Amino acid sequence: MRSITLWSEVLNDKQEIGQCVYDVAFKPDGSQLVAAVGTKVLVYNASDGKLIQALKGHQGTVHTVSYSKDGKRFASGSADKSIIVWTDKLKGILKFTHNDAIQCVAYNPVTPQLISCAMSDFGLWAPEQKSVNKHKVHNRITCCSWTNDGQYVAVGLYTGIISIRSKLGEEKVRIERPGGSNASPVWCMQWNMNRADADDILTVGDWSQKLSFYHLNGKQIGKDVKLDYDPLTINHFDQGKYLLIGGSNGKLNLHSRDGIYLANVSDSKKGWLWSAATRMDSNIVVLGHQEGLISTCALTFSTVHGLYQDCYAYRDRLTEVVVQRLNSHYNDSAEDMGSKIHIRCNDIVKKISVYKDKLAVQLSDRIVLYQFVSDDSRTTYKQINRIIKQFDCNLLVVCSENLILCQENKLTCLSMEGSKQREWTLDANIRYIKVIGGPRGREGLLLGLKNGQVLQIFVDNPFPIELLKINNPVRCLDLSMSRSKIAIINDNSTCLVFDLNTKELLFEELNATSVAWNTQNEDMLCYSDKGYLNIKAGSFPSHQRRMNGFVVGYCGSRIFCLQVHSMKSVDVPQSAPMYQYLDRGKFMQAYKIACLGVTEGDWDQLAHKALEGLNFEIARKAFTRTRNLRYLELIQTIEDRQKRGEVDSDLFLADINAYKSEFNDAARLYRKIGMSQKAVDMYTDLRMFELAKEYVESTNPNEHKQLIAKQASWAKNTNEPREAAKMYLAAGEDMKALEIIGEHGWTDMLMTVARKLDKADRDALTKCAEHLKRLQQYAYCVEVYNKLGDKKAIVKLHVETGNWDEAFALVEKNSEFKNDVYVPYAQWLAENDRFEEAQKAFHKAGRITDALRVLEQLTENAVNESRFNDAGYYYWMLSMQCLDIARTEDTPDTTAEMLKKFKKYQRLGEIYYVYHSIQRYADEPFTSHLPEALFNLSRFLMHCIMTGVVPKGISKVATLWALAKQSRQLGAYKVARFAYERLHALKLPLRFQDLIDLGTVSIRSKPFHDGEDLLPLCYRCSTTNPCINQQGSRCINCKQPYVYSFSSFEVLPLVEFALEDGINDEEACRLIEASPTRKLRGQQEYRDDNTQSLKFDPMQSGDAREKLLGDDPFDTGLLTFDPNGEFQPVVVGKDVLRELSRYEVVIRRWPAPLRYQYFRNLVSEVMIAMCDSCYQMFHADDYELVVLQKQCCPFCRKKAEMVDDDDFTSDRLIY
């Protein structure tokens, strides 16, 4: 460490007696210096010591000064009990007083708050305050100091007590120092000023010549440090790394932050050193002495370090040694702190040397030896020995088993225990020494002397070896990796490189200050110049780059450079020397340099240059570094070809040029060696078709077409699809062209191609049709299919697009497509919940099973949803479907089964048809039916469900409830009693229970018989039947089944008759049609293909009719029956048929395999209508009314329309 005085001045009074400088302070920016001298405040220019102004404002001696943090003001305190606040423009702006002389002042380091301490109190003031807040103390105040965050201030008392107070003046901690009331005065103190420190530490100096350290909480840190003088001033230096302490010995001493004495900074012998201050962020210190001397000096620290390969050890904070690896990726960064090894020596470090795992540190009175140790948890240096002796030496070198001390021209070898082993006395002073390695205990040393000699010494050999000698003193030297060459820097800053074998000067470079050979390459060295770094490879010119400092090591691509006090490790790409070798075609040397460290682009250039030079080994290694698999495959391919005997270097170069995208050169080489086709293939692959055509040597049109096709494929891939399609068409590849056209939806182009294609090109036309269909151009699609003559495809198109009208029109002309249309049509209807239409469509398609399945599902859904009217209709449709199946089936068993189902479904259809009205009557408050109709409906339904299983959804309760209610209303009391009795045997809903109980009680007051007008009459045997017949809806006498009107459900005057054996239905119908017409007066006839109706004038008497009709042979068969046997229909022969009037006969013309049913109307006055679809009978008037209301048959829902006919007196119903 050196102290350089910048300026000084002795301040005398009028009697030439030196005036004591009690306090000094720098302005924060370092431009001004204020000093408390006598009764004045002197303001200096800090850089040159020129006095700017002497401020007069105090009447007594000025004891203290302090500058604010912002540099806008400073304060001074005097023995006259006053405080003056000055601006940086040297004008006083405030003055206030205390009761005693002022001892010290200090500005808060964060805010503009000022503390002023007198003997018996202290005050706190800030610019925003109107007055000073003063606080009394019981002892004399001697010093004060703020914490670096400005929250607390420490006040030192003459009694040795330290009071730590908040910035509001409240005492927080009181430190009672040893000695009690006899404790020595605390005369100076200072808090640590580095904000990075985790804890606030107070350094205290007292007049017992001790230095103490305290935490903010008042606890002492460590033990007191003994001084040999009374401390008067304490200051932190170099951001808190060191302490500057001055006192009664007149010296300013440098201590570590722990209080360890390091060095003397100043000894002017001008009395006590009362004050000192450091300029912020600099190495400038100002000193104030008792005898009036004020001076500033600059402190500089020399670099103490050692280097072996990349292991670097250096001195830190004068008392620590830090060892690090310079090749660390995080060198000189905050992340690398964990990789550095710190060794605390607690003494000033003078010399450092490192070699392999050994480290030697020279302290003030000893040399300490360390050895590197490493385990799984940590790495460190372990102390192995100490040599307690003070050595005077210029250089220190450590080897594996020895220490080498260099003093002037002497070299002394010591053992690790400190015993002297040998000594060399040389001809001149040693200027440079370096360990160059060797066996353990036999290492070699390289020495450079002042007389120009370069010597080599082995530690176990007493005789030095002269390698060579130059004319100037040696400043620096280094050996190459193989120790065949040596580089020397002399005092003329010339770098000389010699061959040690021949002693020949290889080259020299001027303006060199230090030099280092690359430890990984024999031919490379670097040397530092004034602000530049020079890298030299072989005999090539050196490459320069800007860099400050001295080169001390060169390892691979990393250069170790000493910059002032720190070692920098810099990665330097070796691109320039590599390219120098590449330009000469020396690929191996270039590769070796590239291995030291170059950029990715440099590796790529090396690889390509080596490949062009057909040096495949170097090229492979370089491409492996860049992971260029493409070129590695090329190299492997070429080497395989060489193994197979190929030796044409031009062909290899052509392939290489093609890979490097130098296509013109590659094509010329291909043509040169007679392989033009390879040029064509290359340009084709590159989509350079025009260039490819230049190299096509054949006139074969197929080759040109192939080229055009490849060009089209390229156009497709480059988003030029229209051009690609045209090229494909020109090349005759219609399918590929159509694929592109269809993909982009160019309808016009599709149709143009389709119209040009021949009918025989079915694949292309089919592809056109498919694209048009996808593009929803159905008319064009039909046009293409017509060109193909594919009717089935047209039908399928109409079906898929839902164009059913067109599809049906085609089916009419081409019946073979019936299934192709109606089946999907039916499925489409079913998907759209149009099940009835779907059933009919399945039926039309001949898919009877599917039709039946749909209809059964519809029926089941209707019953489950209580849509009984629909259920009746669907059951009727089911019955007709079964009848159709029975007609088409050939097997008797299936026919019999279908006929059985026909009768079952017919019966269920009638039941659900009737129950629809009963259910609505039971659930709804109003009904459109007359009481008589409801009575007949419930009676009919009761006869149907009286025996056997009740169909699903049919409620006996609702049926009996309707029957009971209407019977009571119409006077059928016996039936009502029957219904109420049956109801009591059933589980009744709550809504009916009270009504039924009331009706049951009230009906007992009525007669036990039914009204005669309600009793049904058998028109065959004229027997009056009860309303409820246990045998069902038939006569109790002749067993003749009743025929009901399916509107009012009154019994119709119809008697069924059968034909004699041998008479078929066609003959019977012919005989009936041929019978004489016996119209009565007033008779009207309705007849068409759908309906048969008879009507007589009700005003005409029966006697008149008998006269007109005469005797009736049919009457004889009416009474032919067995009352105790089964039902026997009236059987008629041909004679009777001839006598029957066709106006009296109603025929149910069931399709085969059923026979016709024949009925005769025995009461001519009653007009009867029959639906020719479901063959149900109605009173004509009721039927006309229902058809007018619903526009259809109420049972089978066959549509009807009204027409006028001049032949009839009334409207005619057509179904």
# chains A, B, ... in the order shown; residues from 1 in each chain; ligands from 1

$ residues_around --residues "region 226-239 of chain A" --least-positions-apart "4" --cutoff "9 Å" --atoms "only C-alpha atoms" --output "PyMOL selection string"
chain A and resi 187-194+203-211+243-249+254+257+272-283+285

$ residues_around --residues "Ser116 (chain A)" --least-positions-apart "2" --cutoff "8 Å" --atoms "only C-alpha atoms" --output "list in words"
Gly77, Ile83, Ile102, Gln103, Cys104, Val105, Ala106, Leu114, Ala118, Phe122, Gly123 and Leu124 of chain A

$ residues_around --residues "Cys781 (chain A)" --least-positions-apart "2" --cutoff "12 Å" --atoms "only C-alpha atoms" --output "PyMOL selection string"
chain A and resi 747+750-751+754-755+765-779+783-788+790-791+793-798+801

$ closest_atom_pairs --of "region 1021-1043 of chain A" --to "region 991-1013 of chain A" --cutoff "12 Å" --atoms "only C-alpha atoms" --output "tab-separated table"
residue	atom	partner	partner_atom	distance
A:Thr1024	CA	A:Glu1012	CA	8.9
A:Asn1025	CA	A:Glu1012	CA	10.0
A:Pro1026	CA	A:Asp1010	CA	8.4
A:Cys1027	CA	A:Asp1010	CA	7.9
A:Ile1028	CA	A:Asp1010	CA	10.4

$ decode --residues "region 447-541 of chain A" --atoms "C-alpha atoms" --output "short mmCIF file (atom, residue, chain, number, x, y, z; two decimals), in the first residue's frame"
data_model
loop_
_atom_site.label_atom_id
_atom_site.label_comp_id
_atom_site.auth_asym_id
_atom_site.auth_seq_id
_atom_site.Cartn_x
_atom_site.Cartn_y
_atom_site.Cartn_z
CA LEU A 447 14.22 -17.26 -14.76
CA GLY A 448 14.70 -14.01 -16.59
CA LEU A 449 17.59 -11.81 -15.38
CA LYS A 450 18.33 -8.17 -15.65
CA ASN A 451 21.43 -8.87 -17.79
CA GLY A 452 19.30 -10.59 -20.45
CA GLN A 453 20.02 -14.14 -19.41
CA VAL A 454 17.27 -16.78 -19.50
CA LEU A 455 18.05 -19.62 -17.11
CA GLN A 456 16.45 -22.89 -16.24
CA ILE A 457 16.92 -24.23 -12.71
CA PHE A 458 15.74 -27.51 -11.21
CA VAL A 459 15.05 -27.40 -7.49
CA ASP A 460 17.12 -30.55 -6.88
CA ASN A 461 20.08 -29.36 -9.00
CA PRO A 462 22.52 -26.70 -7.81
CA PHE A 463 23.61 -25.78 -11.31
CA PRO A 464 21.55 -23.35 -13.41
CA ILE A 465 21.22 -23.97 -17.17
CA GLU A 466 21.45 -21.04 -19.56
CA LEU A 467 18.90 -21.33 -22.32
CA LEU A 468 19.85 -18.14 -24.18
CA LYS A 469 20.82 -14.55 -23.66
CA ILE A 470 19.51 -11.33 -25.14
CA ASN A 471 20.96 -7.85 -25.13
CA ASN A 472 18.34 -6.21 -22.91
CA PRO A 473 16.94 -6.98 -19.47
CA VAL A 474 14.18 -9.54 -19.37
CA ARG A 475 10.79 -8.28 -18.23
CA CYS A 476 8.56 -11.28 -18.96
CA LEU A 477 8.91 -14.70 -20.61
CA ASP A 478 6.98 -17.92 -21.29
CA LEU A 479 7.55 -21.38 -22.77
CA SER A 480 5.45 -22.97 -25.48
CA MET A 481 3.35 -26.08 -24.82
CA SER A 482 6.08 -28.47 -26.05
CA ARG A 483 8.88 -26.30 -24.56
CA SER A 484 10.51 -25.98 -27.95
CA LYS A 485 9.98 -22.22 -28.24
CA ILE A 486 10.28 -19.36 -25.83
CA ALA A 487 8.81 -15.85 -25.92
CA ILE A 488 10.65 -13.02 -24.12
CA ILE A 489 9.60 -9.44 -23.41
CA ASN A 490 12.56 -7.10 -22.84
CA ASP A 491 12.72 -3.63 -21.37
CA ASN A 492 12.29 -2.14 -24.84
CA SER A 493 8.78 -3.69 -24.96
CA THR A 494 9.82 -6.04 -27.73
CA CYS A 495 8.53 -9.58 -27.88
CA LEU A 496 11.22 -12.00 -29.08
CA VAL A 497 10.37 -15.59 -29.99
CA PHE A 498 13.24 -18.11 -30.17
CA ASP A 499 13.56 -21.73 -31.12
CA LEU A 500 15.22 -23.32 -28.09
CA ASN A 501 16.75 -26.11 -30.12
CA THR A 502 18.50 -23.89 -32.67
CA LYS A 503 18.59 -20.65 -30.63
CA GLU A 504 17.20 -18.99 -33.76
CA LEU A 505 15.10 -15.89 -33.53
CA LEU A 506 11.83 -16.82 -35.20
CA PHE A 507 10.14 -13.43 -35.14
CA GLU A 508 9.78 -10.35 -33.00
CA GLU A 509 6.89 -8.01 -32.23
CA LEU A 510 7.14 -4.43 -30.98
CA ASN A 511 5.23 -2.66 -28.23
CA ALA A 512 4.61 -5.76 -26.14
CA THR A 513 4.23 -5.54 -22.36
CA SER A 514 3.46 -9.18 -21.49
CA VAL A 515 3.27 -12.48 -23.32
CA ALA A 516 1.73 -15.98 -22.84
CA TRP A 517 1.78 -19.12 -24.96
CA ASN A 518 -1.41 -21.08 -25.49
CA THR A 519 -1.26 -24.11 -23.22
CA GLN A 520 -3.25 -26.18 -25.74
CA ASN A 521 -1.66 -25.17 -29.02
CA GLU A 522 2.05 -25.09 -29.82
CA ASP A 523 1.91 -22.38 -32.47
CA MET A 524 -0.29 -19.78 -30.75
CA LEU A 525 0.67 -16.99 -28.38
CA CYS A 526 -0.80 -13.69 -27.30
CA TYR A 527 0.81 -10.55 -26.02
CA SER A 528 -0.59 -7.34 -24.67
CA ASP A 529 0.10 -3.92 -26.10
CA LYS A 530 -1.00 -0.50 -24.96
CA GLY A 531 -4.75 -1.03 -24.84
CA TYR A 532 -4.68 -3.92 -27.32
CA LEU A 533 -4.45 -7.67 -27.26
CA ASN A 534 -2.55 -9.39 -30.05
CA ILE A 535 -3.08 -13.02 -31.00
CA LYS A 536 -0.47 -14.63 -33.23
CA ALA A 537 -0.57 -18.03 -34.89
CA GLY A 538 2.59 -19.46 -36.44
CA SER A 539 4.28 -17.04 -38.79
CA PHE A 540 1.08 -15.24 -39.73
CA PRO A 541 0.54 -11.57 -38.86
#
